[in-house]
Amino acid sequence: MQAEVVEFESAKTGESVQAVYEHPWPVRFSHWLNTIALFVMTGSGLQTFRAFPSFGAKIPQKDLLNWPKAFAIGGWLGGALQWHLTFMWIYIATGLFYLGYQICSGHYCQVLFLPGDIGGVWPMARHYFLFGPKPPATEAYNPLQKLAYTSALGLGVLSVLTGVAIWKPIQFSWLAWLMGGFHLARLWHFLVMWGILFFLLGHLVMVVLHGWNNFMSMLTGWKTHPDYTPRS
Ligand code: HEM
Ligand code: HEM
């Protein structure tokens, strides 16, 4: 895939600056709208969980987790479900819009983790976690980033499938059955949420480490001073 690249003179220093168009607007739009939807889905989901904080019979199992009300959305079970099932549509719509765009534009090559990326994961992990040498950057995302993003997208799909299974367990009984029944589907749904939150924690640490330029690229689309040579 060819990238749009421009060179301009910095008004401040007069030096020549290169910028590459990394994130087209459909990706940015769905990224930020989905982030808002995910915030509401998590808060309202946890309020729902507060109403029955257990995955077994309520008695005698002890509450699994006493989630504080201050970090939950909806106020009570009914309110939380209304938030959850309203934002669910935004969450699904932005997800489908993102996937549709990626597939139709061919832009998915930038983000999708493929077998060819496997070899690059360990050198990158060694660099991040064991202070090893930094492997040279060759494209917008390094193999570890692609692995993380592709896993997050997979978790997004799983959150919808497990969610639908517990939302309409009669109509989608086959889906609940595939997940080991309604009660296990509830547990999968809950665990998928923690998987997404775990990804988000790592994602935010990386965003902070990679700095302002990188953050701005997800707002404007353009990344200045790319650390790889874009194919133009
Ligand atoms: C299309 C997507 C989704 C649908 C249809 C859906 C549907 C539901 C339903 C019906 C419940 C109530 C389950 C029960 O009776 O206990 C629920 C609970 C919950 N949801 Fe979702 N959900 C979706 C996405 C998400 C997402 C994206 C998250 C967070 C990342 C999330 C987090 C939770 C949590 C924490 C609970 C409480 C777990 C429980 O007590 O069962 N959901 N969801
Ligand atoms: C406030 C929260 C967030 C911030 C500040 C943020 C920031 C960013 C930035 C700066 C990038 C571009 C990285 C680069 O060019 O190297 C990015 C990409 C990405 N982020 Fe986030 N993000 C946030 C929340 C999320 C959430 C909640 C998810 C999903 C669970 C997510 C999933 C992704 C994915 C999949 C990409 C790659 C998109 C693509 O190129 O197709 N982000 N994010």
# chains A, B, ... in the order shown; residues from 1 in each chain; ligands from 1
>>> residues_near_ligand(ligand="ligand 1", cutoff="7 Å", atoms="only C-alpha atoms and all ligand atoms", output="JSON, numbers by chain")
{"A": [38, 41, 42, 45, 46, 48, 49, 50, 52, 53, 81, 84, 85, 88, 89, 91, 92, 156, 159, 160, 163, 164, 166, 167, 186, 187, 189, 190, 192, 193, 196]}
>>> residues_around(residues="A:Phe55", least_positions_apart="6", cutoff="9 Å", atoms="only C-alpha atoms", output="PyMOL selection string")
chain A and resi 61+63-64+183-184+186-187
>>> atom_distance(atom1="atom CA of A:Ala19", atom2="atom 12 (C, counted along the ligand's line) of ligand 2")
14.5 Å
>>> residues_near_ligand(ligand="ligand 2", cutoff="9 Å", atoms="only C-alpha atoms and all ligand atoms", output="ChimeraX atom specification")
/A:22-24,27-28,31-32,34-39,98-99,102,107-108,110-112,140-142,145-146,148-153,155-156,196-197,199-200,203-204,206-208,210-219,221,223
>>> write_last_selection(atoms="C-alpha atoms", output="PDB file, in the first residue's frame")
ATOM      1  CA  GLU A  22      -1.165   7.413   8.394  1.00  0.00           C
ATOM      2  CA  HIS A  23      -4.725   7.491   9.687  1.00  0.00           C
ATOM      3  CA  PRO A  24      -7.534   8.284   7.190  1.00  0.00           C
ATOM      4  CA  VAL A  27     -10.186   5.228  11.096  1.00  0.00           C
ATOM      5  CA  ARG A  28      -9.865   8.319  13.329  1.00  0.00           C
ATOM      6  CA  HIS A  31     -11.380   5.127  16.867  1.00  0.00           C
ATOM      7  CA  TRP A  32     -12.580   8.076  18.946  1.00  0.00           C
ATOM      8  CA  ASN A  34     -15.614   3.744  19.738  1.00  0.00           C
ATOM      9  CA  THR A  35     -13.462   4.906  22.655  1.00  0.00           C
ATOM     10  CA  ILE A  36     -16.401   6.943  24.006  1.00  0.00           C
ATOM     11  CA  ALA A  37     -18.814   4.022  23.456  1.00  0.00           C
ATOM     12  CA  LEU A  38     -16.405   1.647  25.186  1.00  0.00           C
ATOM     13  CA  PHE A  39     -16.198   3.957  28.188  1.00  0.00           C
ATOM     14  CA  TYR A  98     -14.214   0.619  10.753  1.00  0.00           C
ATOM     15  CA  LEU A  99     -14.031  -2.993   9.523  1.00  0.00           C
ATOM     16  CA  GLN A 102     -10.431  -1.297   6.329  1.00  0.00           C
ATOM     17  CA  HIS A 107      -5.819  -0.110   4.590  1.00  0.00           C
ATOM     18  CA  TYR A 108      -5.983  -3.178   6.852  1.00  0.00           C
ATOM     19  CA  GLN A 110      -1.188  -1.423   8.051  1.00  0.00           C
ATOM     20  CA  VAL A 111      -2.800  -2.900  11.146  1.00  0.00           C
ATOM     21  CA  LEU A 112      -3.398  -6.623  10.547  1.00  0.00           C
ATOM     22  CA  ALA A 140       3.693   2.615  10.487  1.00  0.00           C
ATOM     23  CA  TYR A 141       3.190  -0.122  13.112  1.00  0.00           C
ATOM     24  CA  ASN A 142       5.809  -2.522  14.446  1.00  0.00           C
ATOM     25  CA  GLN A 145       1.814  -3.108  17.828  1.00  0.00           C
ATOM     26  CA  LYS A 146       0.088  -5.045  15.035  1.00  0.00           C
ATOM     27  CA  ALA A 148      -1.833  -5.817  20.071  1.00  0.00           C
ATOM     28  CA  TYR A 149      -4.199  -4.008  17.655  1.00  0.00           C
ATOM     29  CA  THR A 150      -5.310  -7.200  15.914  1.00  0.00           C
ATOM     30  CA  SER A 151      -5.960  -8.842  19.317  1.00  0.00           C
ATOM     31  CA  ALA A 152      -7.944  -5.771  20.448  1.00  0.00           C
ATOM     32  CA  LEU A 153     -10.074  -5.946  17.298  1.00  0.00           C
ATOM     33  CA  LEU A 155     -11.671  -8.891  21.534  1.00  0.00           C
ATOM     34  CA  GLY A 156     -14.066  -6.263  20.171  1.00  0.00           C
ATOM     35  CA  ILE A 196      -9.996  -5.026  26.445  1.00  0.00           C
ATOM     36  CA  LEU A 197      -9.120  -2.980  29.549  1.00  0.00           C
ATOM     37  CA  PHE A 199      -5.049  -3.851  26.131  1.00  0.00           C
ATOM     38  CA  LEU A 200      -6.118  -0.250  26.814  1.00  0.00           C
ATOM     39  CA  HIS A 203      -2.035   1.093  24.672  1.00  0.00           C
ATOM     40  CA  LEU A 204      -2.107   4.232  26.820  1.00  0.00           C
ATOM     41  CA  MET A 206       2.687   3.237  24.665  1.00  0.00           C
ATOM     42  CA  VAL A 207       0.845   6.392  23.542  1.00  0.00           C
ATOM     43  CA  VAL A 208       2.506   8.330  26.380  1.00  0.00           C
ATOM     44  CA  HIS A 210       5.660   7.570  21.886  1.00  0.00           C
ATOM     45  CA  GLY A 211       4.931  11.213  22.541  1.00  0.00           C
ATOM     46  CA  TRP A 212       2.915  14.119  21.241  1.00  0.00           C
ATOM     47  CA  ASN A 213       3.616  13.655  17.508  1.00  0.00           C
ATOM     48  CA  ASN A 214       2.233  10.164  17.636  1.00  0.00           C
ATOM     49  CA  PHE A 215      -0.853  11.229  19.601  1.00  0.00           C
ATOM     50  CA  MET A 216      -1.577  14.101  17.200  1.00  0.00           C
ATOM     51  CA  SER A 217      -1.445  11.708  14.253  1.00  0.00           C
ATOM     52  CA  MET A 218      -4.637  10.063  15.528  1.00  0.00           C
ATOM     53  CA  LEU A 219      -6.331  13.499  15.517  1.00  0.00           C
ATOM     54  CA  GLY A 221      -4.147  11.806  10.346  1.00  0.00           C
ATOM     55  CA  LYS A 223       2.464  11.886  11.370  1.00  0.00           C
TER      56      LYS A 223
END
>>> atom_distance(atom1="atom CA of A:Phe129", atom2="atom CA of A:Gly154")
24.0 Å
>>> residues_around(residues="A:Gly74", least_positions_apart="2", cutoff="7 Å", atoms="only C-alpha atoms", output="list in words")
Ser44, Gln47, Ala72, Trp76, Gly79, Ala80 and Trp83 of chain A
>>> write_last_selection(atoms="C-alpha atoms", output="compact mmCIF listing (two decimals), in the first residue's frame")
# COMPACT_ATOMS: atom_id res chain seq x y z
CA SER A 44 -22.77 0.52 32.53
CA GLN A 47 -23.18 -1.27 37.16
CA ALA A 72 -20.20 2.80 37.33
CA TRP A 76 -29.18 1.14 39.13
CA GLY A 79 -30.62 2.51 34.13
CA ALA A 80 -27.36 0.70 33.45
CA TRP A 83 -27.13 2.86 28.75
>>> select_by_dssp(residues="chain A", states="strand (DSSP E or B)", output="VMD selection string")
chain A and resid 5 to 9 16 to 21 222 to 224
>>> write_last_selection(atoms="all heavy atoms", output="CSV table (one decimal), in the first residue's frame")
chain,number,residue,atom,x,y,z
A,5,VAL,N,2.7,11.2,1.1
A,5,VAL,CA,3.8,11.8,1.9
A,5,VAL,C,4.0,13.2,1.4
A,5,VAL,O,3.9,13.5,0.2
A,5,VAL,CB,5.1,11.0,1.7
A,5,VAL,CG1,6.3,11.6,2.5
A,5,VAL,CG2,5.0,9.6,1.9
A,6,VAL,N,4.2,14.2,2.4
A,6,VAL,CA,4.5,15.6,1.9
A,6,VAL,C,5.8,16.0,2.7
A,6,VAL,O,6.1,15.5,3.7
A,6,VAL,CB,3.4,16.6,2.3
A,6,VAL,CG1,2.1,16.3,1.4
A,6,VAL,CG2,3.1,16.6,3.7
A,7,GLU,N,6.5,17.0,2.1
A,7,GLU,CA,7.6,17.7,2.7
A,7,GLU,C,7.3,19.2,2.8
A,7,GLU,O,6.9,19.7,1.8
A,7,GLU,CB,8.9,17.4,2.0
A,7,GLU,CG,9.3,16.0,2.1
A,7,GLU,CD,10.8,15.8,2.2
A,7,GLU,OE1,11.5,16.7,2.6
A,7,GLU,OE2,11.2,14.7,1.9
A,8,PHE,N,7.6,19.8,3.9
A,8,PHE,CA,7.3,21.2,4.0
A,8,PHE,C,8.4,21.8,4.9
A,8,PHE,O,9.2,21.1,5.6
A,8,PHE,CB,5.9,21.5,4.6
A,8,PHE,CG,5.7,21.0,5.9
A,8,PHE,CD1,5.9,21.7,7.1
A,8,PHE,CD2,5.2,19.7,6.1
A,8,PHE,CE1,5.7,21.2,8.3
A,8,PHE,CE2,5.0,19.1,7.4
A,8,PHE,CZ,5.2,19.9,8.5
A,9,GLU,N,8.5,23.2,4.8
A,9,GLU,CA,9.5,23.8,5.6
A,9,GLU,C,8.9,24.3,7.0
A,9,GLU,O,7.9,24.9,7.0
A,9,GLU,CB,10.0,25.1,4.9
A,9,GLU,CG,11.5,25.3,5.1
A,9,GLU,CD,12.0,26.4,4.1
A,9,GLU,OE1,11.7,27.6,4.4
A,9,GLU,OE2,12.6,26.1,3.1
A,16,SER,N,13.5,21.2,6.8
A,16,SER,CA,12.6,20.5,6.0
A,16,SER,C,11.9,19.3,6.9
A,16,SER,O,12.7,18.6,7.5
A,16,SER,CB,13.3,19.9,4.8
A,16,SER,OG,12.5,18.9,4.2
A,17,VAL,N,10.6,19.3,6.9
A,17,VAL,CA,9.9,18.3,7.7
A,17,VAL,C,9.1,17.4,6.8
A,17,VAL,O,8.5,17.8,5.8
A,17,VAL,CB,9.0,19.0,8.7
A,17,VAL,CG1,8.1,18.0,9.5
A,17,VAL,CG2,9.7,19.9,9.6
A,18,GLN,N,9.2,16.1,7.1
A,18,GLN,CA,8.4,15.1,6.3
A,18,GLN,C,7.2,14.7,7.1
A,18,GLN,O,7.2,14.6,8.3
A,18,GLN,CB,9.3,13.9,6.0
A,18,GLN,CG,8.7,13.0,5.0
A,18,GLN,CD,9.5,11.7,4.8
A,18,GLN,OE1,9.9,11.0,5.7
A,18,GLN,NE2,9.8,11.4,3.5
A,19,ALA,N,6.1,14.5,6.4
A,19,ALA,CA,4.8,14.0,7.1
A,19,ALA,C,4.2,13.0,6.2
A,19,ALA,O,4.2,13.1,5.0
A,19,ALA,CB,3.9,15.2,7.3
A,20,VAL,N,3.7,11.9,6.9
A,20,VAL,CA,3.0,10.9,6.2
A,20,VAL,C,1.6,10.7,6.7
A,20,VAL,O,1.3,10.9,7.9
A,20,VAL,CB,3.8,9.5,6.3
A,20,VAL,CG1,4.1,9.2,7.7
A,20,VAL,CG2,3.1,8.4,5.7
A,21,TYR,N,0.6,10.5,5.8
A,21,TYR,CA,-0.8,10.4,6.1
A,21,TYR,C,-1.1,9.0,6.5
A,21,TYR,O,-1.3,8.1,5.7
A,21,TYR,CB,-1.7,10.8,4.9
A,21,TYR,CG,-3.1,11.0,5.2
A,21,TYR,CD1,-3.5,12.0,6.2
A,21,TYR,CD2,-4.1,10.3,4.6
A,21,TYR,CE1,-4.8,12.2,6.5
A,21,TYR,CE2,-5.4,10.5,4.9
A,21,TYR,CZ,-5.8,11.5,5.9
A,21,TYR,OH,-7.1,11.7,6.2
A,222,TRP,N,-2.0,13.0,10.1
A,222,TRP,CA,-0.6,13.1,9.6
A,222,TRP,C,0.4,12.9,10.7
A,222,TRP,O,0.2,13.4,11.8
A,222,TRP,CB,-0.4,14.6,9.1
A,222,TRP,CG,-1.2,14.8,7.8
A,222,TRP,CD1,-2.4,15.4,7.7
A,222,TRP,CD2,-0.7,14.6,6.5
A,222,TRP,NE1,-2.8,15.5,6.4
A,222,TRP,CE2,-1.8,15.0,5.6
A,222,TRP,CE3,0.4,14.0,5.9
A,222,TRP,CZ2,-1.7,14.9,4.2
A,222,TRP,CZ3,0.5,13.9,4.6
A,222,TRP,CH2,-0.5,14.3,3.7
A,223,LYS,N,1.4,12.1,10.4
A,223,LYS,CA,2.5,11.9,11.4
A,223,LYS,C,3.7,12.6,10.8
A,223,LYS,O,4.2,12.2,9.7
A,223,LYS,CB,2.8,10.4,11.6
A,223,LYS,CG,3.8,10.2,12.7
A,223,LYS,CD,4.0,8.8,13.1
A,223,LYS,CE,2.9,8.3,14.0
A,223,LYS,NZ,2.9,6.9,14.1
A,224,THR,N,4.2,13.6,11.6
A,224,THR,CA,5.4,14.3,11.2
A,224,THR,C,6.6,13.5,11.7
A,224,THR,O,6.5,12.7,12.7
A,224,THR,CB,5.5,15.7,11.7
A,224,THR,OG1,5.2,15.7,13.1
A,224,THR,CG2,4.5,16.6,11.0
